[in-house]
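Next comes data.tsv, a file with TSV, C-alpha atoms.
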chain	number	residue	atom	x	y	z
R	4	ASN	CA	0.00	0.00	0.00
R	5	ASN	CA	2.75	2.43	0.91
R	6	SER	CA	4.51	1.66	-2.38
R	7	GLU	CA	1.37	2.28	-4.40
R	8	GLN	CA	0.78	5.54	-2.55
R	9	ALA	CA	4.36	6.65	-3.20
R	10	HIS	CA	4.04	5.91	-6.93
R	11	SER	CA	0.74	7.77	-7.01
R	12	ASN	CA	2.30	10.81	-5.32
R	13	PHE	CA	5.27	10.86	-7.71
R	14	SER	CA	3.00	10.42	-10.72
R	15	THR	CA	0.71	13.25	-9.60
R	16	SER	CA	3.58	15.67	-8.98
R	17	LEU	CA	5.23	14.95	-12.34
R	18	SER	CA	1.94	15.21	-14.22
R	19	ILE	CA	1.75	18.78	-12.88
R	20	ASP	CA	5.36	19.57	-13.86
R	21	PRO	CA	6.88	16.87	-16.12
R	22	SER	CA	10.00	18.99	-16.67
R	23	LEU	CA	11.06	18.72	-13.02
R	24	ALA	CA	14.33	16.80	-13.20
R	25	GLU	CA	14.62	16.40	-9.43
R	26	GLY	CA	11.16	14.81	-9.38
R	27	TRP	CA	12.20	12.15	-11.90
R	28	TYR	CA	15.45	11.62	-10.03
R	29	SER	CA	13.64	11.18	-6.70
R	30	TRP	CA	11.19	8.72	-8.24
R	31	GLY	CA	14.07	6.76	-9.73
R	32	SER	CA	15.93	6.73	-6.40
R	33	TYR	CA	12.83	5.40	-4.65
R	34	CYS	CA	12.41	2.61	-7.24
R	35	GLU	CA	16.08	1.71	-6.93
R	36	VAL	CA	15.79	1.40	-3.14
R	37	VAL	CA	12.73	-0.85	-3.50
R	38	TYR	CA	14.53	-2.99	-6.07
R	39	GLU	CA	17.58	-3.43	-3.85
R	40	ALA	CA	15.35	-4.31	-0.88
R	41	HIS	CA	13.05	-6.81	-2.60
R	42	GLY	CA	14.80	-7.78	-5.84
R	43	ASN	CA	11.74	-7.07	-7.98
R	44	ILE	CA	13.15	-6.53	-11.47
R	45	THR	CA	10.20	-4.31	-12.41
R	46	TYR	CA	11.47	-1.61	-10.05
R	47	LEU	CA	14.87	-1.71	-11.72
R	48	GLU	CA	13.10	-0.97	-15.01
R	49	TYR	CA	11.20	1.90	-13.37
R	50	ALA	CA	14.41	3.31	-11.85
R	51	ALA	CA	16.26	3.21	-15.17
R	52	SER	CA	13.44	4.94	-17.08
R	53	CYS	CA	13.06	7.66	-14.42
R	54	TYR	CA	16.80	8.33	-14.36
R	55	LEU	CA	16.93	8.66	-18.15
R	56	GLN	CA	14.06	11.16	-18.09
R	57	ALA	CA	15.90	13.15	-15.42
R	58	ILE	CA	19.12	13.24	-17.47
R	59	LYS	CA	17.26	14.43	-20.57
R	60	ILE	CA	15.93	17.40	-18.61
R	61	ASP	CA	19.11	18.19	-16.65
R	62	THR	CA	22.38	16.77	-17.96
R	63	LYS	CA	24.14	17.76	-14.72
R	64	LEU	CA	22.56	14.69	-13.15
R	65	ALA	CA	24.53	12.53	-15.59
R	66	LYS	CA	27.64	12.92	-13.43
R	67	LYS	CA	26.18	10.65	-10.75
R	68	LEU	CA	23.95	8.48	-12.93
R	69	MET	CA	25.87	7.41	-16.06
R	70	SER	CA	28.33	5.28	-14.09
R	71	LYS	CA	25.31	3.57	-12.53
R	72	PHE	CA	23.96	2.81	-16.00
R	73	LEU	CA	27.29	1.32	-17.07
R	74	LEU	CA	27.18	-0.95	-14.04
R	75	TRP	CA	23.60	-2.00	-14.75
R	76	LEU	CA	24.35	-2.68	-18.41
R	77	SER	CA	27.36	-4.77	-17.39
R	78	PHE	CA	25.24	-7.02	-15.19
R	79	ASP	CA	21.95	-6.77	-17.01
R	80	ASN	CA	19.55	-9.60	-16.17
R	81	THR	CA	19.58	-11.80	-19.26
R	82	SER	CA	16.96	-14.12	-17.78
R	83	GLY	CA	14.73	-11.10	-17.20
R	84	GLY	CA	14.89	-10.06	-20.83
R	85	ASP	CA	17.69	-7.47	-20.95
R	86	VAL	CA	15.72	-5.07	-18.73
R	87	VAL	CA	18.02	-2.06	-18.49
R	88	GLY	CA	19.13	-2.41	-22.10
R	89	ARG	CA	15.56	-2.34	-23.38
R	90	VAL	CA	14.80	0.71	-21.27
R	91	PHE	CA	17.89	2.43	-22.61
R	92	ASP	CA	16.87	1.63	-26.19
R	93	LYS	CA	13.42	3.05	-25.56
R	94	TYR	CA	14.20	6.20	-23.57
R	95	GLY	CA	17.89	6.83	-24.34
R	96	GLU	CA	17.22	8.78	-27.53
R	97	GLY	CA	17.72	12.49	-27.02
R	98	ILE	CA	20.43	12.17	-24.37
R	99	PRO	CA	23.47	14.25	-25.46
R	100	SER	CA	26.54	12.23	-26.40
R	101	SER	CA	28.64	14.56	-24.26
R	102	VAL	CA	27.40	12.91	-21.05
R	103	TRP	CA	29.44	9.82	-22.02
R	104	LEU	CA	32.74	11.68	-22.50
R	105	PRO	CA	34.07	10.91	-18.99
R	106	TYR	CA	33.39	7.22	-19.64
R	107	VAL	CA	35.00	6.77	-23.07
R	108	SER	CA	37.63	4.36	-21.71
R	109	GLN	CA	34.97	2.29	-19.93
R	110	LEU	CA	32.85	2.13	-23.08
R	111	ILE	CA	35.82	0.94	-25.11
R	112	CYS	CA	36.66	-1.73	-22.52
R	113	SER	CA	32.98	-2.76	-22.61
R	114	LEU	CA	33.56	-4.01	-26.16
R	115	GLN	CA	34.88	-7.13	-24.45
R	116	ARG	CA	31.94	-7.47	-22.06
R	117	PRO	CA	28.31	-8.62	-22.44
R	118	GLU	CA	27.14	-5.04	-23.12
R	119	ALA	CA	29.44	-4.78	-26.19
R	120	GLY	CA	26.58	-4.10	-28.63
R	121	ARG	CA	25.31	-1.03	-26.84
R	122	ALA	CA	28.81	0.20	-26.02
R	123	LYS	CA	29.67	0.07	-29.73
R	124	ALA	CA	26.51	2.02	-30.62
R	125	LEU	CA	27.42	4.70	-28.08
R	126	LEU	CA	30.97	4.89	-29.43
R	127	PHE	CA	29.60	5.40	-32.95
R	128	GLN	CA	27.65	8.40	-31.58
R	129	LEU	CA	30.71	9.81	-29.84
R	130	VAL	CA	32.85	9.44	-32.96
R	131	GLN	CA	30.52	11.74	-34.87
R	132	SER	CA	30.92	14.64	-32.42
R	133	PHE	CA	34.03	13.99	-30.33
R	134	PRO	CA	36.48	11.99	-32.48
R	135	GLN	CA	39.63	13.09	-30.71
R	136	SER	CA	38.25	12.00	-27.34
R	137	VAL	CA	37.77	8.48	-28.67
R	138	TYR	CA	40.83	8.06	-30.87
R	139	TYR	CA	43.70	7.66	-28.40
R	140	SER	CA	41.95	5.19	-26.07
R	141	LEU	CA	40.58	3.20	-29.01
R	142	ARG	CA	44.01	3.07	-30.66
R	143	THR	CA	45.53	1.66	-27.46
R	144	PHE	CA	42.68	-0.85	-27.14
R	145	LEU	CA	43.28	-2.15	-30.67
R	146	LEU	CA	47.07	-2.34	-30.29
R	147	ASP	CA	46.67	-4.37	-27.09
R	148	ARG	CA	44.32	-6.85	-28.80
R	149	ARG	CA	45.71	-7.23	-32.30
R	150	GLU	CA	46.81	-10.67	-33.44
R	151	GLY	CA	50.03	-11.69	-31.75
R	152	SER	CA	49.59	-9.35	-28.77
R	153	PRO	CA	49.96	-10.75	-25.22
R	154	LEU	CA	46.21	-10.48	-24.59
R	155	SER	CA	45.41	-12.34	-27.80
R	156	LYS	CA	47.96	-15.08	-27.07
R	157	ASN	CA	46.70	-15.42	-23.49
R	158	GLN	CA	43.12	-16.05	-24.61
R	159	GLN	CA	44.25	-18.52	-27.28
R	160	TYR	CA	46.13	-20.43	-24.59
R	161	SER	CA	43.09	-20.38	-22.31
R	162	ALA	CA	40.88	-21.66	-25.13
R	163	ARG	CA	43.24	-24.60	-25.70
R	164	SER	CA	43.23	-25.47	-21.98
R	165	PRO	CA	39.57	-25.47	-20.90
R	166	GLN	CA	40.28	-27.99	-18.13
R	167	ALA	CA	43.33	-26.20	-16.74
R	168	SER	CA	41.36	-24.65	-13.90
R	169	GLN	CA	39.84	-27.99	-12.89
R	170	GLY	CA	41.44	-30.75	-10.84
R	171	GLU	CA	42.49	-29.75	-7.40
R	172	ASN	CA	40.23	-26.68	-7.43
R	173	GLY	CA	37.29	-28.55	-8.95
R	174	GLN	CA	35.46	-28.91	-5.67
R	175	LYS	CA	35.83	-25.19	-4.89
R	176	GLN	CA	34.49	-24.26	-8.31
R	177	LYS	CA	31.42	-26.41	-7.78
R	178	GLN	CA	30.66	-24.54	-4.58
R	179	ARG	CA	30.97	-21.14	-6.26
R	180	PRO	CA	27.60	-19.53	-7.18
R	181	ALA	CA	26.82	-19.14	-10.87
R	182	ALA	CA	28.22	-15.80	-12.16
R	183	HIS	CA	25.85	-13.45	-10.32
R	184	ASP	CA	22.19	-13.36	-9.45
R	185	TRP	CA	21.71	-10.96	-12.36
R	186	GLY	CA	23.17	-13.38	-14.92
R	187	PHE	CA	25.53	-12.75	-17.84
R	188	GLY	CA	25.11	-12.65	-21.57
R	189	HIS	CA	27.65	-13.59	-24.22
R	190	ILE	CA	31.14	-12.36	-23.35
R	191	PRO	CA	33.04	-11.48	-26.55
R	192	THR	CA	36.46	-12.96	-27.21
R	193	VAL	CA	39.54	-10.82	-27.74
R	194	ALA	CA	39.14	-11.29	-31.50
R	195	GLU	CA	35.48	-10.21	-31.40
R	196	ALA	CA	36.33	-7.17	-29.27
R	197	PHE	CA	39.13	-6.27	-31.70
R	198	ALA	CA	36.72	-6.55	-34.65
R	199	ALA	CA	34.17	-4.30	-32.92
R	200	GLY	CA	36.83	-1.73	-32.07
R	201	LYS	CA	38.14	-1.86	-35.62
R	202	GLN	CA	34.67	-1.05	-36.96
R	203	VAL	CA	34.54	2.06	-34.77
R	204	MET	CA	38.05	3.03	-35.89
R	205	GLU	CA	37.10	2.61	-39.56
R	206	VAL	CA	34.16	4.99	-39.10
R	207	LEU	CA	36.45	7.42	-37.31
R	208	ARG	CA	39.03	7.32	-40.09
R	209	SER	CA	36.45	7.72	-42.85
R	210	GLU	CA	34.66	10.63	-41.19
R	211	TRP	CA	37.75	12.47	-39.89
R	212	ALA	CA	40.55	11.40	-42.22
R	213	LEU	CA	42.52	14.67	-42.08
R	214	MET	CA	42.34	14.95	-38.31
R	215	ILE	CA	43.40	11.32	-37.83
R	216	HIS	CA	46.39	11.92	-40.11
R	217	GLU	CA	47.42	14.88	-37.95
R	218	LEU	CA	47.03	12.83	-34.77
R	219	GLU	CA	49.11	9.98	-36.21
R	220	THR	CA	51.81	12.46	-37.19
R	221	PHE	CA	51.76	13.91	-33.68
R	222	ILE	CA	52.11	10.45	-32.11
R	223	HIS	CA	55.00	9.63	-34.46
R	224	GLU	CA	56.78	12.87	-33.55
R	225	ILE	CA	56.46	12.09	-29.83
R	226	GLY	CA	57.75	8.56	-30.38
R	227	THR	CA	60.81	9.66	-32.34
R	228	LYS	CA	61.83	12.96	-30.73
R	229	PHE	CA	61.15	12.24	-27.09
R	230	VAL	CA	62.99	8.91	-26.90
R	231	PRO	CA	65.23	8.77	-23.80
R	232	THR	CA	68.96	8.72	-24.39
R	233	PRO	CA	71.05	5.66	-23.41
R	234	GLU	CA	72.30	7.56	-20.35
R	235	GLU	CA	68.75	8.33	-19.24
R	236	ARG	CA	67.76	4.68	-19.65
R	237	LEU	CA	70.67	3.58	-17.47
R	238	LEU	CA	69.74	6.08	-14.77
R	239	ALA	CA	66.02	5.20	-14.88
Step by step, read the file and then write its structure as structure tokens.
Amino acid sequence: NNSEQAHSNFSTSLSIDPSLAEGWYSWGSYCEVVYEAHGNITYLEYAASCYLQAIKIDTKLAKKLMSKFLLWLSFDNTSGGDVVGRVFDKYGEGIPSSVWLPYVSQLICSLQRPEAGRAKALLFQLVQSFPQSVYYSLRTFLLDRREGSPLSKNQQYSARSPQASQGENGQKQKQRPAAHDWGFGHIPTVAEAFAAGKQVMEVLRSEWALMIHELETFIHEIGTKFVPTPEERLLA
């Protein structure tokens, strides 16, 4: 009863002034608290939709909410039907790409996590408006995961040894709970993450060819003219 009354009060107040960002934020906070207390996935959906409405009205709220969305997308409930992801697809349109700028590195790393599809879509948006903010981190990501890199070799070794972690630790692994109560979707391999990052880089290079050439020249200049001398290496 108290929950229904609270929803009714929030709904009434926002029907009077739907542009009140703090009202949407408060409603979302209430739904999040209820979800954490009772585990009802419906309240997580309500919280996500309210938060997105609040961010659309006042982007200042993004500072404390976008990291929360990244966390939710990382552990989205696959058995519940991709709840937060569906809400984001439905209500995320109209949110400025700039709110994701502090999280470019996290979005790029998400290309190797279950939320890779939505992370790639967000990176495509950022590339259109903020190419330089994406380029350096994406370049590093691709260099670390190209064929022959340590990360690539490590995953190939792991794929050839699926039973390496069994044996003495087998009993401990059996006692470990499955992933997380939220569940996990498909986790991309290093090769799949590299392919997704390469697609973003290809769009970046095609849309901003001249700027990318200048950035590559700048990186080359740093690599050739700021190399430490043999004496400096010995003293390091």
List the neighbours of R:Gln135 out to 9 Å using only C-alpha atoms; skip same-chain residues closer than 6 positions along the sequence, and give me the result as a tab-separated table (two decimals) with C-alpha atoms, in the frame of the given file.
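New file out_11.tsv:
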chain	number	residue	atom	x	y	z
R	214	MET	CA	42.34	14.95	-38.31
R	215	ILE	CA	43.40	11.32	-37.83
R	218	LEU	CA	47.03	12.83	-34.77
Please list, as an MDAnalysis selection string, the residues that have an atom at most 12 Å away from (30.2, 7.2, -23.9) in the coordinates of this file, counting all atoms listed in the file. chainID R and resid 65 69:70 72:73 98:114 121:134 136:137
For the residues in that selection, give me C-alpha atoms as a PDB file, in the frame of the given file.
ATOM      1  CA  ALA R  65      24.530  12.530 -15.590  1.00  0.00           C
ATOM      2  CA  MET R  69      25.870   7.410 -16.060  1.00  0.00           C
ATOM      3  CA  SER R  70      28.330   5.280 -14.090  1.00  0.00           C
ATOM      4  CA  PHE R  72      23.960   2.810 -16.000  1.00  0.00           C
ATOM      5  CA  LEU R  73      27.290   1.320 -17.070  1.00  0.00           C
ATOM      6  CA  ILE R  98      20.430  12.170 -24.370  1.00  0.00           C
ATOM      7  CA  PRO R  99      23.470  14.250 -25.460  1.00  0.00           C
ATOM      8  CA  SER R 100      26.540  12.230 -26.400  1.00  0.00           C
ATOM      9  CA  SER R 101      28.640  14.560 -24.260  1.00  0.00           C
ATOM     10  CA  VAL R 102      27.400  12.910 -21.050  1.00  0.00           C
ATOM     11  CA  TRP R 103      29.440   9.820 -22.020  1.00  0.00           C
ATOM     12  CA  LEU R 104      32.740  11.680 -22.500  1.00  0.00           C
ATOM     13  CA  PRO R 105      34.070  10.910 -18.990  1.00  0.00           C
ATOM     14  CA  TYR R 106      33.390   7.220 -19.640  1.00  0.00           C
ATOM     15  CA  VAL R 107      35.000   6.770 -23.070  1.00  0.00           C
ATOM     16  CA  SER R 108      37.630   4.360 -21.710  1.00  0.00           C
ATOM     17  CA  GLN R 109      34.970   2.290 -19.930  1.00  0.00           C
ATOM     18  CA  LEU R 110      32.850   2.130 -23.080  1.00  0.00           C
ATOM     19  CA  ILE R 111      35.820   0.940 -25.110  1.00  0.00           C
ATOM     20  CA  CYS R 112      36.660  -1.730 -22.520  1.00  0.00           C
ATOM     21  CA  SER R 113      32.980  -2.760 -22.610  1.00  0.00           C
ATOM     22  CA  LEU R 114      33.560  -4.010 -26.160  1.00  0.00           C
ATOM     23  CA  ARG R 121      25.310  -1.030 -26.840  1.00  0.00           C
ATOM     24  CA  ALA R 122      28.810   0.200 -26.020  1.00  0.00           C
ATOM     25  CA  LYS R 123      29.670   0.070 -29.730  1.00  0.00           C
ATOM     26  CA  ALA R 124      26.510   2.020 -30.620  1.00  0.00           C
ATOM     27  CA  LEU R 125      27.420   4.700 -28.080  1.00  0.00           C
ATOM     28  CA  LEU R 126      30.970   4.890 -29.430  1.00  0.00           C
ATOM     29  CA  PHE R 127      29.600   5.400 -32.950  1.00  0.00           C
ATOM     30  CA  GLN R 128      27.650   8.400 -31.580  1.00  0.00           C
ATOM     31  CA  LEU R 129      30.710   9.810 -29.840  1.00  0.00           C
ATOM     32  CA  VAL R 130      32.850   9.440 -32.960  1.00  0.00           C
ATOM     33  CA  GLN R 131      30.520  11.740 -34.870  1.00  0.00           C
ATOM     34  CA  SER R 132      30.920  14.640 -32.420  1.00  0.00           C
ATOM     35  CA  PHE R 133      34.030  13.990 -30.330  1.00  0.00           C
ATOM     36  CA  PRO R 134      36.480  11.990 -32.480  1.00  0.00           C
ATOM     37  CA  SER R 136      38.250  12.000 -27.340  1.00  0.00           C
ATOM     38  CA  VAL R 137      37.770   8.480 -28.670  1.00  0.00           C
TER      39      VAL R 137
END
Could you tell me which of R:Pro233, R:Ala199, R:Tyr139, R:Leu74 comes closest to R:Glu219 if we count all atoms listed in the file? R:Tyr139
Atom pair atom CA of R:Ala57 / atom CA of R:Ser29: separation (Å):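 We find that atom CA of R:Ala57 and atom CA of R:Ser29 lie 9.2 Å from each other.
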Excluding same-chain residues fewer than 4 positions from stretch 39-52 of chain R, what lies within 7 Å of it counting all atoms listed in the file, as a list of chain:residue names? R:Gly31, R:Ser32, R:Cys34, R:Glu35, R:Gln56, R:Val86, R:Val87, R:Val90, R:Tyr94
Export of the given selection (C-alpha atoms) as a PDB file, in the coordinates of the input:
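Okay, out_4.pdb is ready:
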ATOM      1  CA  GLY R  31      14.070   6.760  -9.730  1.00  0.00           C
ATOM      2  CA  SER R  32      15.930   6.730  -6.400  1.00  0.00           C
ATOM      3  CA  CYS R  34      12.410   2.610  -7.240  1.00  0.00           C
ATOM      4  CA  GLU R  35      16.080   1.710  -6.930  1.00  0.00           C
ATOM      5  CA  GLN R  56      14.060  11.160 -18.090  1.00  0.00           C
ATOM      6  CA  VAL R  86      15.720  -5.070 -18.730  1.00  0.00           C
ATOM      7  CA  VAL R  87      18.020  -2.060 -18.490  1.00  0.00           C
ATOM      8  CA  VAL R  90      14.800   0.710 -21.270  1.00  0.00           C
ATOM      9  CA  TYR R  94      14.200   6.200 -23.570  1.00  0.00           C
TER      10      TYR R  94
END
Work out how far atom CA of R:Arg142 is from atom CA of R:Glu195, in Å to one decimal.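 Atom-to-atom, atom CA of R:Glu195 and atom CA of R:Arg142 are spaced 15.8 Å apart.
Going from atom CA of R:Asp20 to atom CA of R:Arg89 covers 26.0 Å.
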Across R:His189, R:Trp30, R:Leu55, R:Ala24, the smallest distance to R:Ser11, with all atoms listed in the file counted, is shown by R:Trp30
Which of R:Leu64, R:Ile222, R:Leu207, R:Ala239 sits closest to R:Glu25 [using all atoms listed in the file]: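 That would be R:Leu64, the residue with the smallest distance to R:Glu25.
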Give the answer as one residue: which of R:Phe229, R:Trp211, R:Trp75, R:Tyr38 has the shortest atom-to-atom distance to R:Tyr138, using all atoms listed in the file?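 Looking only at the distances to R:Tyr138, the closest residue turns out to be R:Trp211.
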